[in-house]
Amino acid sequence: MSSSPQPTTPEGPTGAEFRRGPFRVGERVQLTDERGRMNTITLAEGGAFHTHKGFLNHSEIIGKPDGSVVTNTAGHQYQTLRPLLADFVLSMPRGAAVVYPKDAGQIITMADIFPGARVVEAGVGSGALSISLLRAVGDGGYLHSFERRQEFADIAQGNVETIFGGPHPAWHISIGDFQDEVLKAEEPGSVDRVVLDMLAPWECLDAVATVLAPGGVWINYVATATQLSRTAEAIRADGRFTEPDAWESMVRGWHLEGLAVRPEHRMVGHTGFLLVARRLAEGVEPLVRKKRNKAEFSEEDLNAWTPESVGERTVSDRRLRRVARDARAGIGEA
Ligand SMILES: C[S@@+](CC[C@H](N)C(=O)[O-])C[C@H]1O[C@@H](n2cnc3c(N)ncnc32)[C@H](O)[C@@H]1O
């Protein structure tokens, strides 16, 4: 891409040369001011970052090492850092919801995406997950991404080329429905991992079972419990996969200031659920998971189940009558 910076050392894995060294023209830089406010700029010859409190010439940053602190024309300081993958994904142009970095990390590890792996993925959306998958498979791997909408594929391509500084040698993208296109493109049993982030993964079941190698991993990212349940039941009923496992992850940041060390008040409460199953060898019957008998409770156990034993505070009848009276009279607690 024309706006990409010139690499200093062209050797090494694709994109690595754009992640290190002094700042160069064409690179994105994250500025943090003295109040912690962040802005991302793209360095240009003769460029400037204007605020109502002076401006910062890009020439103050170009050639400096990553992590420098620079000063604008009004004496205000900025910390400069090259954005990390997580920063890039959350600020890059997007047409569809992206897979958040916390989930991308889980997908890479729990689906065992390894260097050199043959992976197929759909849909591509804005390409956030494609970037993580490409990093994990590396230049010697193979990622074939399927997207039904050309506009999304274009956005994803732009984002992938921005972060890698050009096309990635392991990446192939095809337009169309995954369940149709993957069967034309991939040999049966030739794919190590399938990663789906789409509305209806259950529609792809047959295609996934066809292209996935024995023992291969199929991971799904879905936004709702109803999609999760439908996909899990379809996998279970199909018989060519292991019993599916599902989970979600929640990440809660912490506020760290002197003695005020506590969880942040706000967090990303929900992104999506992950559901994983593995392809069984051709022709084998899946193990039917034996269910343990439901726990039975004796009369003695049931009698032991009192508010006190489970730590509930008991409230006297007298107090309850008073609270009810107050409630009827509209009197709140003092
Ligand atoms: C939520 S977005 C994917 C986001 C992407 N994983 C990311 O991290 O940026 C879902 C995408 O799936 C595409 N899609 C839905 N069903 C599809 C199918 N059967 N085959 C190919 N693409 C599909 C949609 O067009 C949409 O772009």
# chains A, B, ... in the order shown; residues from 1 in each chain; ligands from 1
>>> residues_around(residues="Ala209 (chain A)", least_positions_apart="2", cutoff="9 Å", atoms="only C-alpha atoms", output="list in words")
Pro188, Gly189, Cys204, Leu205, Asp206, Ala207, Val211, Leu212, Ala213, Arg240, Phe241 and Arg279 of chain A
>>> write_last_selection(atoms="N, CA and C atoms", output="mmCIF file, in the first residue's frame")
data_model
loop_
_atom_site.group_PDB
_atom_site.id
_atom_site.type_symbol
_atom_site.label_atom_id
_atom_site.label_comp_id
_atom_site.auth_asym_id
_atom_site.auth_seq_id
_atom_site.Cartn_x
_atom_site.Cartn_y
_atom_site.Cartn_z
ATOM 1 N N PRO A 188 -11.100 -32.837 0.483
ATOM 2 C CA PRO A 188 -11.660 -33.445 1.694
ATOM 3 C C PRO A 188 -10.549 -33.883 2.655
ATOM 4 N N GLY A 189 -10.746 -33.612 3.923
ATOM 5 C CA GLY A 189 -9.801 -34.040 4.969
ATOM 6 C C GLY A 189 -8.472 -33.326 4.957
ATOM 7 N N CYS A 204 -23.118 -24.758 8.006
ATOM 8 C CA CYS A 204 -21.816 -25.133 7.428
ATOM 9 C C CYS A 204 -21.357 -26.510 7.884
ATOM 10 N N LEU A 205 -22.186 -27.202 8.661
ATOM 11 C CA LEU A 205 -21.769 -28.438 9.314
ATOM 12 C C LEU A 205 -21.208 -29.473 8.333
ATOM 13 N N ASP A 206 -21.927 -29.693 7.252
ATOM 14 C CA ASP A 206 -21.497 -30.723 6.316
ATOM 15 C C ASP A 206 -20.172 -30.355 5.633
ATOM 16 N N ALA A 207 -20.073 -29.069 5.281
ATOM 17 C CA ALA A 207 -18.832 -28.601 4.633
ATOM 18 C C ALA A 207 -17.653 -28.734 5.591
ATOM 19 N N VAL A 211 -14.174 -31.046 4.907
ATOM 20 C CA VAL A 211 -12.803 -30.554 4.675
ATOM 21 C C VAL A 211 -11.863 -30.782 5.853
ATOM 22 N N LEU A 212 -12.421 -30.962 7.053
ATOM 23 C CA LEU A 212 -11.571 -31.071 8.243
ATOM 24 C C LEU A 212 -10.885 -32.431 8.309
ATOM 25 N N ALA A 213 -9.603 -32.414 8.654
ATOM 26 C CA ALA A 213 -8.822 -33.654 8.819
ATOM 27 C C ALA A 213 -9.255 -34.348 10.115
ATOM 28 N N ARG A 240 -20.291 -36.858 13.560
ATOM 29 C CA ARG A 240 -18.912 -36.933 13.043
ATOM 30 C C ARG A 240 -17.926 -36.139 13.903
ATOM 31 N N PHE A 241 -18.431 -35.600 15.009
ATOM 32 C CA PHE A 241 -17.585 -34.746 15.862
ATOM 33 C C PHE A 241 -17.616 -35.227 17.304
ATOM 34 N N ARG A 279 -13.084 -33.150 14.836
ATOM 35 C CA ARG A 279 -13.535 -34.125 13.831
ATOM 36 C C ARG A 279 -13.061 -35.504 14.247
#
>>> residues_near_ligand(ligand="ligand 1", cutoff="8 Å", atoms="only C-alpha atoms and all ligand atoms", output="PyMOL selection string")
chain A and resi 94-100+122-130+146-149+152-153+156+175-179+196-201+203-204
>>> write_last_selection(atoms="N, CA and C atoms", output="mmCIF file, in the first residue's frame")
data_model
loop_
_atom_site.group_PDB
_atom_site.id
_atom_site.type_symbol
_atom_site.label_atom_id
_atom_site.label_comp_id
_atom_site.auth_asym_id
_atom_site.auth_seq_id
_atom_site.Cartn_x
_atom_site.Cartn_y
_atom_site.Cartn_z
ATOM 1 N N ARG A 94 -14.048 -0.441 10.387
ATOM 2 C CA ARG A 94 -14.801 -1.694 10.436
ATOM 3 C C ARG A 94 -16.204 -1.543 9.867
ATOM 4 N N GLY A 95 -16.662 -2.606 9.218
ATOM 5 C CA GLY A 95 -18.006 -2.625 8.669
ATOM 6 C C GLY A 95 -18.894 -3.525 9.500
ATOM 7 N N ALA A 96 -18.309 -4.527 10.152
ATOM 8 C CA ALA A 96 -19.078 -5.462 10.979
ATOM 9 C C ALA A 96 -18.400 -5.540 12.343
ATOM 10 N N ALA A 97 -19.110 -6.105 13.305
ATOM 11 C CA ALA A 97 -18.524 -6.261 14.645
ATOM 12 C C ALA A 97 -17.256 -7.105 14.537
ATOM 13 N N VAL A 98 -16.216 -6.688 15.237
ATOM 14 C CA VAL A 98 -14.957 -7.445 15.179
ATOM 15 C C VAL A 98 -14.882 -8.416 16.349
ATOM 16 N N VAL A 99 -14.071 -9.449 16.181
ATOM 17 C CA VAL A 99 -13.746 -10.334 17.301
ATOM 18 C C VAL A 99 -12.782 -9.557 18.201
ATOM 19 N N TYR A 100 -13.154 -9.366 19.454
ATOM 20 C CA TYR A 100 -12.327 -8.595 20.379
ATOM 21 C C TYR A 100 -11.013 -9.328 20.659
ATOM 22 N N ALA A 122 -14.471 -18.158 8.177
ATOM 23 C CA ALA A 122 -15.578 -17.361 7.618
ATOM 24 C C ALA A 122 -16.394 -16.816 8.787
ATOM 25 N N GLY A 123 -17.133 -15.630 8.659
ATOM 26 C CA GLY A 123 -16.886 -14.648 7.651
ATOM 27 C C GLY A 123 -15.699 -13.787 8.060
ATOM 28 N N VAL A 124 -15.302 -13.026 7.101
ATOM 29 C CA VAL A 124 -14.097 -12.226 7.290
ATOM 30 C C VAL A 124 -14.413 -10.911 7.998
ATOM 31 N N GLY A 125 -15.634 -10.362 7.712
ATOM 32 C CA GLY A 125 -16.017 -9.077 8.326
ATOM 33 C C GLY A 125 -14.951 -8.037 8.064
ATOM 34 N N SER A 126 -14.417 -7.447 9.130
ATOM 35 C CA SER A 126 -13.411 -6.393 8.979
ATOM 36 C C SER A 126 -11.992 -6.940 9.023
ATOM 37 N N GLY A 127 -11.862 -8.240 9.208
ATOM 38 C CA GLY A 127 -10.536 -8.861 9.146
ATOM 39 C C GLY A 127 -9.785 -8.908 10.464
ATOM 40 N N ALA A 128 -10.450 -8.569 11.576
ATOM 41 C CA ALA A 128 -9.732 -8.560 12.861
ATOM 42 C C ALA A 128 -9.202 -9.950 13.196
ATOM 43 N N LEU A 129 -10.063 -10.936 13.104
ATOM 44 C CA LEU A 129 -9.620 -12.287 13.452
ATOM 45 C C LEU A 129 -8.629 -12.824 12.415
ATOM 46 N N SER A 130 -8.836 -12.442 11.151
ATOM 47 C CA SER A 130 -7.896 -12.892 10.106
ATOM 48 C C SER A 130 -6.468 -12.477 10.459
ATOM 49 N N PHE A 146 -13.261 -16.891 3.837
ATOM 50 C CA PHE A 146 -14.441 -16.811 2.965
ATOM 51 C C PHE A 146 -15.384 -15.749 3.495
ATOM 52 N N GLU A 147 -15.854 -14.903 2.585
ATOM 53 C CA GLU A 147 -16.754 -13.814 2.980
ATOM 54 C C GLU A 147 -17.806 -13.655 1.883
ATOM 55 N N ARG A 148 -19.079 -13.591 2.319
ATOM 56 C CA ARG A 148 -20.134 -13.513 1.296
ATOM 57 C C ARG A 148 -20.283 -12.113 0.703
ATOM 58 N N ARG A 149 -19.795 -11.079 1.395
ATOM 59 C CA ARG A 149 -19.976 -9.713 0.873
ATOM 60 C C ARG A 149 -18.649 -9.080 0.470
ATOM 61 N N PHE A 152 -17.147 -6.160 2.598
ATOM 62 C CA PHE A 152 -16.432 -6.563 3.813
ATOM 63 C C PHE A 152 -15.037 -7.086 3.463
ATOM 64 N N ALA A 153 -14.986 -7.875 2.410
ATOM 65 C CA ALA A 153 -13.684 -8.416 1.996
ATOM 66 C C ALA A 153 -12.717 -7.274 1.681
ATOM 67 N N ALA A 156 -11.523 -5.748 4.957
ATOM 68 C CA ALA A 156 -10.576 -6.669 5.611
ATOM 69 C C ALA A 156 -9.222 -6.632 4.922
ATOM 70 N N ILE A 175 -14.750 -14.851 -2.244
ATOM 71 C CA ILE A 175 -16.077 -14.273 -2.039
ATOM 72 C C ILE A 175 -17.129 -15.350 -2.284
ATOM 73 N N GLY A 176 -18.083 -15.432 -1.368
ATOM 74 C CA GLY A 176 -19.173 -16.398 -1.511
ATOM 75 C C GLY A 176 -19.496 -17.023 -0.181
ATOM 76 N N ASP A 177 -20.490 -17.917 -0.199
ATOM 77 C CA ASP A 177 -20.873 -18.583 1.042
ATOM 78 C C ASP A 177 -19.876 -19.692 1.363
ATOM 79 N N PHE A 178 -19.419 -19.692 2.585
ATOM 80 C CA PHE A 178 -18.407 -20.664 3.025
ATOM 81 C C PHE A 178 -18.804 -22.087 2.649
ATOM 82 N N GLN A 179 -20.081 -22.432 2.974
ATOM 83 C CA GLN A 179 -20.499 -23.834 2.826
ATOM 84 C C GLN A 179 -20.432 -24.312 1.369
ATOM 85 N N LEU A 196 -15.218 -20.291 12.521
ATOM 86 C CA LEU A 196 -16.401 -19.620 11.994
ATOM 87 C C LEU A 196 -16.892 -18.522 12.935
ATOM 88 N N ASP A 197 -17.119 -17.340 12.368
ATOM 89 C CA ASP A 197 -17.739 -16.222 13.081
ATOM 90 C C ASP A 197 -18.821 -15.711 12.155
ATOM 91 N N MET A 198 -20.027 -16.217 12.313
ATOM 92 C CA MET A 198 -21.130 -15.876 11.401
ATOM 93 C C MET A 198 -22.451 -16.157 12.084
ATOM 94 N N LEU A 199 -23.536 -15.762 11.414
ATOM 95 C CA LEU A 199 -24.872 -15.894 12.000
ATOM 96 C C LEU A 199 -25.299 -17.354 12.185
ATOM 97 N N ALA A 200 -25.052 -18.190 11.178
ATOM 98 C CA ALA A 200 -25.631 -19.538 11.203
ATOM 99 C C ALA A 200 -24.577 -20.610 10.939
ATOM 100 N N PRO A 201 -23.689 -20.876 11.902
ATOM 101 C CA PRO A 201 -22.626 -21.869 11.657
ATOM 102 C C PRO A 201 -23.173 -23.264 11.386
ATOM 103 N N GLU A 203 -25.331 -24.154 9.410
ATOM 104 C CA GLU A 203 -25.529 -24.366 7.965
ATOM 105 C C GLU A 203 -24.248 -24.881 7.299
ATOM 106 N N CYS A 204 -23.118 -24.758 8.006
ATOM 107 C CA CYS A 204 -21.816 -25.133 7.428
ATOM 108 C C CYS A 204 -21.357 -26.510 7.884
#
>>> select_by_dssp(residues="region 71-288 of chain A", states="helix (DSSP H, G or I)", output="ChimeraX atom specification")
/A:85-91,101-110,128-137,150-164,178-185,201-211,225-238
>>> atom_distance(atom1="CA of Gly140 (chain A)", atom2="CA of Ala170 (chain A)")
6.7 Å
>>> atom_distance(atom1="CA of Asp238 (chain A)", atom2="CA of Trp218 (chain A)")
13.7 Å
>>> atom_distance(atom1="CA of Val194 (chain A)", atom2="CA of Gly215 (chain A)")
11.7 Å
>>> select_by_dssp(residues="region 125-185 of chain A", states="strand (DSSP E or B)", output="PyMOL selection string")
chain A and resi 142-147+171-175
>>> write_last_selection(atoms="C-alpha atoms", output="short mmCIF file (atom, residue, chain, number, x, y, z; two decimals), in the first residue's frame")
data_model
loop_
_atom_site.label_atom_id
_atom_site.label_comp_id
_atom_site.auth_asym_id
_atom_site.auth_seq_id
_atom_site.Cartn_x
_atom_site.Cartn_y
_atom_site.Cartn_z
CA TYR A 142 -2.18 -21.18 5.03
CA LEU A 143 -5.31 -19.14 5.81
CA HIS A 144 -8.21 -19.25 3.36
CA SER A 145 -10.90 -16.77 4.41
CA PHE A 146 -14.44 -16.81 2.97
CA GLU A 147 -16.75 -13.81 2.98
CA TRP A 171 -3.60 -15.32 2.98
CA HIS A 172 -6.20 -16.18 0.36
CA ILE A 173 -9.65 -14.66 0.35
CA SER A 174 -12.69 -15.89 -1.58
CA ILE A 175 -16.08 -14.27 -2.04
#
>>> residues_around(residues="Ala237 (chain A)", least_positions_apart="6", cutoff="12 Å", atoms="only C-alpha atoms", output="list in words")
Trp202, Leu205, Asp206, Arg230, Thr231, Glu243, Pro244, Glu285, Pro286 and Val288 of chain A
>>> write_last_selection(atoms="C-alpha atoms", output="CSV table (one decimal), in the first residue's frame")
chain,number,residue,atom,x,y,z
A,202,TRP,CA,-24.9,-24.9,11.7
A,205,LEU,CA,-21.8,-28.4,9.3
A,206,ASP,CA,-21.5,-30.7,6.3
A,230,ARG,CA,-28.5,-24.6,17.8
A,231,THR,CA,-24.9,-25.1,16.7
A,243,GLU,CA,-19.0,-33.7,22.2
A,244,PRO,CA,-18.8,-29.9,21.9
A,285,GLU,CA,-19.3,-43.8,16.2
A,286,PRO,CA,-19.0,-40.9,18.7
A,288,VAL,CA,-22.1,-41.1,24.0
>>> closest_atom_pairs(of="region 134-208 of chain A", to="region 19-26 of chain A", cutoff="10 Å", atoms="only C-alpha atoms", output="tab-separated table")
residue	atom	partner	partner_atom	distance
A:Ile163	CA	A:Arg19	CA	9.0
A:Phe164	CA	A:Arg19	CA	9.1
A:Gly165	CA	A:Arg19	CA	9.9
>>> write_last_selection(atoms="C-alpha atoms", output="PDB file, in the first residue's frame")
ATOM      1  CA  ILE A 163      -0.856  -4.000   9.673  1.00  0.00           C
ATOM      2  CA  PHE A 164       1.423  -6.299   7.666  1.00  0.00           C
ATOM      3  CA  GLY A 165       2.675  -3.483   5.419  1.00  0.00           C
TER       4      GLY A 165
END
>>> residues_around(residues="Ala246 (chain A)", least_positions_apart="3", cutoff="9 Å", atoms="only C-alpha atoms", output="list in words")
Leu228, Ala232, Phe273, Leu274, Leu275 and Val276 of chain A
>>> write_last_selection(atoms="N, CA and C atoms", output="CSV table (one decimal), in the first residue's frame")
chain,number,residue,atom,x,y,z
A,228,LEU,N,-25.7,-20.5,20.0
A,228,LEU,CA,-24.8,-21.5,20.7
A,228,LEU,C,-25.5,-22.8,20.8
A,232,ALA,N,-24.5,-26.3,18.8
A,232,ALA,CA,-24.1,-27.4,19.6
A,232,ALA,C,-25.0,-28.6,19.3
A,273,PHE,N,-19.8,-16.2,22.6
A,273,PHE,CA,-19.5,-17.5,23.2
A,273,PHE,C,-18.6,-18.2,22.2
A,274,LEU,N,-17.8,-19.1,22.8
A,274,LEU,CA,-16.9,-20.0,21.9
A,274,LEU,C,-17.4,-21.4,22.1
A,275,LEU,N,-17.4,-22.1,21.0
A,275,LEU,CA,-17.9,-23.5,20.9
A,275,LEU,C,-16.9,-24.3,20.1
A,276,VAL,N,-16.4,-25.4,20.7
A,276,VAL,CA,-15.3,-26.2,20.0
A,276,VAL,C,-15.7,-27.6,20.0
>>> residues_around(residues="region 62-78 of chain A", least_positions_apart="3", cutoff="9 Å", atoms="only C-alpha atoms", output="list of chain:residue names")
A:Arg20, A:Gly21, A:Pro22, A:Phe23, A:Arg24, A:Val25, A:Val29, A:Leu31, A:Thr32, A:Asp33, A:Glu34, A:Leu43, A:Ala44, A:Glu45, A:Phe49, A:Lys53, A:Gly54, A:Phe55, A:Leu56, A:Asn57, A:His58, A:Ser59, A:Leu81, A:Arg82
>>> write_last_selection(atoms="C-alpha atoms", output="PDB file, in the first residue's frame")
ATOM      1  CA  ARG A  20      10.234  -2.280  15.514  1.00  0.00           C
ATOM      2  CA  GLY A  21      12.859   0.441  14.970  1.00  0.00           C
ATOM      3  CA  PRO A  22      12.515   4.236  14.998  1.00  0.00           C
ATOM      4  CA  PHE A  23       9.254   5.873  13.838  1.00  0.00           C
ATOM      5  CA  ARG A  24       8.979   6.261  10.062  1.00  0.00           C
ATOM      6  CA  VAL A  25       6.815   8.257   7.666  1.00  0.00           C
ATOM      7  CA  VAL A  29       1.515   6.404  16.240  1.00  0.00           C
ATOM      8  CA  LEU A  31      -0.229   9.806  21.275  1.00  0.00           C
ATOM      9  CA  THR A  32      -1.139  10.001  24.973  1.00  0.00           C
ATOM     10  CA  ASP A  33      -1.348  13.473  26.519  1.00  0.00           C
ATOM     11  CA  GLU A  34      -0.687  14.502  30.126  1.00  0.00           C
ATOM     12  CA  LEU A  43       3.105  10.227  10.338  1.00  0.00           C
ATOM     13  CA  ALA A  44       3.529  12.363   7.208  1.00  0.00           C
ATOM     14  CA  GLU A  45       6.376  14.495   5.875  1.00  0.00           C
ATOM     15  CA  PHE A  49      -1.226  17.247  15.008  1.00  0.00           C
ATOM     16  CA  LYS A  53      -3.390  24.020  22.929  1.00  0.00           C
ATOM     17  CA  GLY A  54      -0.758  24.249  20.203  1.00  0.00           C
ATOM     18  CA  PHE A  55       0.352  21.729  17.616  1.00  0.00           C
ATOM     19  CA  LEU A  56       2.832  18.896  17.374  1.00  0.00           C
ATOM     20  CA  ASN A  57       4.979  18.651  14.244  1.00  0.00           C
ATOM     21  CA  HIS A  58       5.336  15.084  12.980  1.00  0.00           C
ATOM     22  CA  SER A  59       9.035  15.862  12.482  1.00  0.00           C
ATOM     23  CA  LEU A  81       3.931   4.526  21.064  1.00  0.00           C
ATOM     24  CA  ARG A  82       3.484   2.248  18.076  1.00  0.00           C
TER      25      ARG A  82
END
